[in-house]
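J.: First the structure, which I've put down as structure tokens, then a few questions once you've had a look.
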Amino acid sequence: MNRYPTHPMRPLALLLAGLGLALNASAARVGDVVSMDAPAVAAQSSSTWSAADYASARPVTPTVNFLPPQAFDYNSAAATASSTPVVASSPAQPPTLSARGLRQILPFTSSVDPSSTITPSAVGTGSIQFTSSRVAAVAAEESVWPRSAAGKLYFKVGTGSAMCTASLIKPGIVLTAGHCVHSGNGLASGWYNSFQYIPAFRSGSAPFGTWSSWASVYTTTNWFSGGGGVPNTRDWALIVMNRNASLKRVGDYTGTLGVQYPAMIGKHVTVIGYPGNLDSGGVMHRVDSMVNNYGSLNNGTWGSDMQGGSSGGPVILNYRVNYTNSSSLPQDNNANMAVSVVSWGYTNTAVKIQGGSQFDSTLASTLTAACTAYPWAC
């Protein structure tokens, strides 16, 4: 078994924090949850986004420099496997609602050849096997649940723009990484702004529209005051998106994923993202891998060729299919359950490993806080 020294942390999120925010935002803390309400509507208007903003958006994923010894622990058992998992939400297929009038074409520059394919890369120097492919061959497939529950997240860091991945776990609640909403510096000035969630985004096409009006953002105290370092024990966040003029929520059109915990470490998962290194971040990408136990930081690691931009993408247990015969672990029968989000990767891209914080009861606390404040979103 290979062993590596303790690694220094150099997350991109910490570098972005140096840009600052021209925003008079406040932060409210309740237990392990920190939130920020939306500023004036004008400050989050989609009109503040130009073609240049989209084209210059920086893919965000914090990185570490060295492999952790735990990355080679292939015998890791599922964390707290004997405990009863909590399903915070059940996945929902979208009702029969027309997306007519929502579809948009955004300014997006990419050299993607629709007929080309991505060659799967089975393993990197980190020695965790995985498979890799586009989520769908054509955009029409990407707009079908559960694929439609994932999308691209744009946001502003000061005057600069950045991009991550996100997904829906309630009709009006977007799930992403903590470092995609806040720098981790523990200050109200560390909040990012001008969030835009675009479900099923593909090369500038927005089949369900661009959702830019948001009510509040929630993250954990672990990320908010964690200094921006990774791995972080709870690097996740929620964004409450407002309803449209028809009083419909984004998830009413797209459907949602469920949430389950603890249900990542030791499991085979599907990870969805918009990595900037593949298709210029313009096409939804998928990797499938086994999750190894990172150790005491409540993190897992899996094989992946995705890089910056995939941050916040859902880590999904039982993608697409319901099971009924997992008698030894019946709690793992549920389909399309988000169990984590992409949190970090490696500076050395040859390693081909990503990591994330395994959901625990704090995720339920965060979701409860959002649903209590905005019951219509849930």
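Each chain in the structure tokens gets a letter, A, B and so on, in the order shown; residues start at 1 in every chain, and ligands are counted from 1 in the order they appear.
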Give me the residues within 7 Å of region 212-221 of chain A as number ranges by chain, counting only C-alpha atoms and dropping any in the same chain fewer than 6 places off.
T.: A: 32-38, 44-46, 178, 195-197, 234, 236-242, 366
J.: Set the distance at 12 Å and use only C-alpha atoms: which residues neighbour Ala55 (chain A) once local chain neighbours fewer than 3 positions away are removed? I'd like the list as a list in words.
T.: Trp49, Ser50, Ala51, Ala52, Arg58, Pro59, Leu106, Pro107, Phe108, Thr109, Ser110, Tyr154, Gly160, Ser161, Ala162, Met163, Ser203, Gly204, Gly276, Ser280, Gly281 and Gly282 of chain A
J.: Now that the selection is made, can you save its residues with all heavy atoms as a compact mmCIF listing (two decimals), in the first residue's frame?
T.:
```txt
# COMPACT_ATOMS: atom_id res chain seq x y z
N TRP A 49 -25.54 39.88 -16.57
CA TRP A 49 -24.71 38.90 -17.25
C TRP A 49 -24.60 39.23 -18.73
O TRP A 49 -25.61 39.37 -19.42
CB TRP A 49 -25.28 37.49 -17.07
CG TRP A 49 -25.03 36.93 -15.71
CD1 TRP A 49 -25.73 37.19 -14.57
CD2 TRP A 49 -23.97 36.05 -15.35
NE1 TRP A 49 -25.19 36.52 -13.51
CE2 TRP A 49 -24.10 35.80 -13.97
CE3 TRP A 49 -22.94 35.43 -16.04
CZ2 TRP A 49 -23.23 34.96 -13.27
CZ3 TRP A 49 -22.07 34.60 -15.35
CH2 TRP A 49 -22.22 34.38 -13.98
N SER A 50 -23.37 39.33 -19.22
CA SER A 50 -23.13 39.59 -20.63
C SER A 50 -22.54 38.34 -21.28
O SER A 50 -22.17 37.38 -20.59
CB SER A 50 -22.15 40.75 -20.79
OG SER A 50 -20.88 40.38 -20.28
N ALA A 51 -22.45 38.37 -22.61
CA ALA A 51 -21.82 37.25 -23.32
C ALA A 51 -20.39 37.05 -22.82
O ALA A 51 -19.91 35.92 -22.69
CB ALA A 51 -21.84 37.51 -24.82
N ALA A 52 -19.70 38.14 -22.52
CA ALA A 52 -18.33 38.05 -22.03
C ALA A 52 -18.28 37.39 -20.66
O ALA A 52 -17.33 36.65 -20.34
CB ALA A 52 -17.71 39.45 -21.96
N ARG A 58 -14.93 31.22 -14.74
CA ARG A 58 -13.85 30.31 -14.31
C ARG A 58 -14.44 29.02 -13.73
O ARG A 58 -15.29 29.06 -12.85
CB ARG A 58 -12.99 30.97 -13.25
CG ARG A 58 -12.28 32.23 -13.70
CD ARG A 58 -11.50 32.86 -12.57
NE ARG A 58 -10.47 31.96 -12.05
CZ ARG A 58 -9.65 32.28 -11.04
NH1 ARG A 58 -9.77 33.46 -10.45
NH2 ARG A 58 -8.74 31.43 -10.62
N PRO A 59 -13.99 27.87 -14.22
CA PRO A 59 -14.40 26.61 -13.59
C PRO A 59 -13.81 26.52 -12.19
O PRO A 59 -12.63 26.77 -12.00
CB PRO A 59 -13.80 25.54 -14.51
CG PRO A 59 -13.42 26.24 -15.76
CD PRO A 59 -13.09 27.65 -15.36
N LEU A 106 -28.27 30.61 -24.86
CA LEU A 106 -27.37 31.53 -24.20
C LEU A 106 -26.10 31.70 -25.01
O LEU A 106 -25.72 30.81 -25.78
CB LEU A 106 -26.99 31.01 -22.80
CG LEU A 106 -28.15 30.80 -21.84
CD1 LEU A 106 -27.66 30.13 -20.57
CD2 LEU A 106 -28.82 32.11 -21.52
N PRO A 107 -25.41 32.84 -24.85
CA PRO A 107 -24.13 33.01 -25.53
C PRO A 107 -23.11 32.03 -24.96
O PRO A 107 -22.75 32.10 -23.79
CB PRO A 107 -23.75 34.46 -25.22
CG PRO A 107 -24.50 34.79 -23.97
CD PRO A 107 -25.78 34.01 -24.05
N PHE A 108 -22.69 31.08 -25.76
CA PHE A 108 -21.75 30.07 -25.28
C PHE A 108 -20.82 29.71 -26.41
O PHE A 108 -21.26 29.41 -27.53
CB PHE A 108 -22.49 28.82 -24.80
CG PHE A 108 -21.58 27.73 -24.32
CD1 PHE A 108 -20.99 27.80 -23.05
CD2 PHE A 108 -21.27 26.65 -25.12
CE1 PHE A 108 -20.14 26.80 -22.60
CE2 PHE A 108 -20.42 25.64 -24.67
CZ PHE A 108 -19.85 25.72 -23.42
N THR A 109 -19.52 29.77 -26.16
CA THR A 109 -18.52 29.45 -27.17
C THR A 109 -17.86 28.12 -26.85
O THR A 109 -17.33 27.93 -25.76
CB THR A 109 -17.44 30.55 -27.24
OG1 THR A 109 -18.06 31.79 -27.52
CG2 THR A 109 -16.42 30.23 -28.33
N SER A 110 -17.93 27.18 -27.79
CA SER A 110 -17.33 25.88 -27.58
C SER A 110 -17.01 25.27 -28.93
O SER A 110 -17.67 25.52 -29.93
CB SER A 110 -18.28 24.96 -26.81
OG SER A 110 -17.75 23.65 -26.74
N TYR A 154 -23.95 29.26 -12.63
CA TYR A 154 -23.07 30.41 -12.81
C TYR A 154 -23.24 31.33 -11.60
O TYR A 154 -24.33 31.41 -11.01
CB TYR A 154 -23.45 31.19 -14.07
CG TYR A 154 -23.03 30.56 -15.37
CD1 TYR A 154 -23.95 29.88 -16.18
CD2 TYR A 154 -21.72 30.67 -15.83
CE1 TYR A 154 -23.57 29.32 -17.39
CE2 TYR A 154 -21.32 30.11 -17.04
CZ TYR A 154 -22.25 29.44 -17.82
OH TYR A 154 -21.87 28.89 -19.02
N GLY A 160 -15.84 39.28 -11.23
CA GLY A 160 -15.57 38.13 -12.09
C GLY A 160 -16.69 37.12 -12.04
O GLY A 160 -17.53 37.12 -11.14
N SER A 161 -16.72 36.24 -13.03
CA SER A 161 -17.75 35.20 -13.09
C SER A 161 -17.11 33.83 -12.96
O SER A 161 -15.94 33.64 -13.30
CB SER A 161 -18.55 35.31 -14.39
OG SER A 161 -17.68 35.27 -15.52
N ALA A 162 -17.89 32.89 -12.45
CA ALA A 162 -17.39 31.54 -12.22
C ALA A 162 -18.52 30.56 -12.48
O ALA A 162 -19.69 30.93 -12.62
CB ALA A 162 -16.87 31.40 -10.79
N MET A 163 -18.16 29.26 -12.55
CA MET A 163 -19.18 28.25 -12.81
C MET A 163 -18.91 26.99 -12.02
O MET A 163 -17.76 26.60 -11.80
CB MET A 163 -19.28 27.94 -14.29
CG MET A 163 -18.00 27.43 -14.93
SD MET A 163 -18.23 27.21 -16.72
CE MET A 163 -16.58 26.69 -17.20
N SER A 203 -24.28 23.24 -24.21
CA SER A 203 -23.67 24.06 -25.25
C SER A 203 -24.46 25.34 -25.55
O SER A 203 -24.67 25.70 -26.70
CB SER A 203 -23.49 23.24 -26.54
OG SER A 203 -22.67 22.12 -26.30
N GLY A 204 -24.93 25.99 -24.51
CA GLY A 204 -25.66 27.24 -24.67
C GLY A 204 -27.16 27.09 -24.71
O GLY A 204 -27.88 28.08 -24.62
N GLY A 276 -14.80 21.86 -16.90
CA GLY A 276 -14.26 22.73 -17.93
C GLY A 276 -13.26 22.05 -18.83
O GLY A 276 -13.01 22.52 -19.95
N SER A 280 -15.40 21.87 -22.94
CA SER A 280 -15.36 23.27 -22.49
C SER A 280 -16.40 23.57 -21.42
O SER A 280 -16.84 24.70 -21.27
CB SER A 280 -15.57 24.22 -23.68
OG SER A 280 -14.61 24.00 -24.69
N GLY A 281 -16.81 22.55 -20.66
CA GLY A 281 -17.81 22.74 -19.62
C GLY A 281 -19.20 22.92 -20.17
O GLY A 281 -20.11 23.33 -19.44
N GLY A 282 -19.40 22.62 -21.45
CA GLY A 282 -20.70 22.87 -22.07
C GLY A 282 -21.64 21.69 -22.10
O GLY A 282 -22.82 21.86 -22.42
```
J.: Can you work out which one of A:Gly266, A:Pro275, A:Gly31, A:Gly184 has the shortest atom-to-atom distance to Ser310 (chain A), counting only C-alpha atoms?
T.: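 Smallest distance to Ser310 (chain A) is found for A:Pro275.
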J.: Using CA of Leu168 (chain A) and CA of Pro314 (chain A) as the two end points, give the distance in Å to one decimal.
T.: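 Between CA of Leu168 (chain A) and CA of Pro314 (chain A) the gap works out to 9.2 Å.
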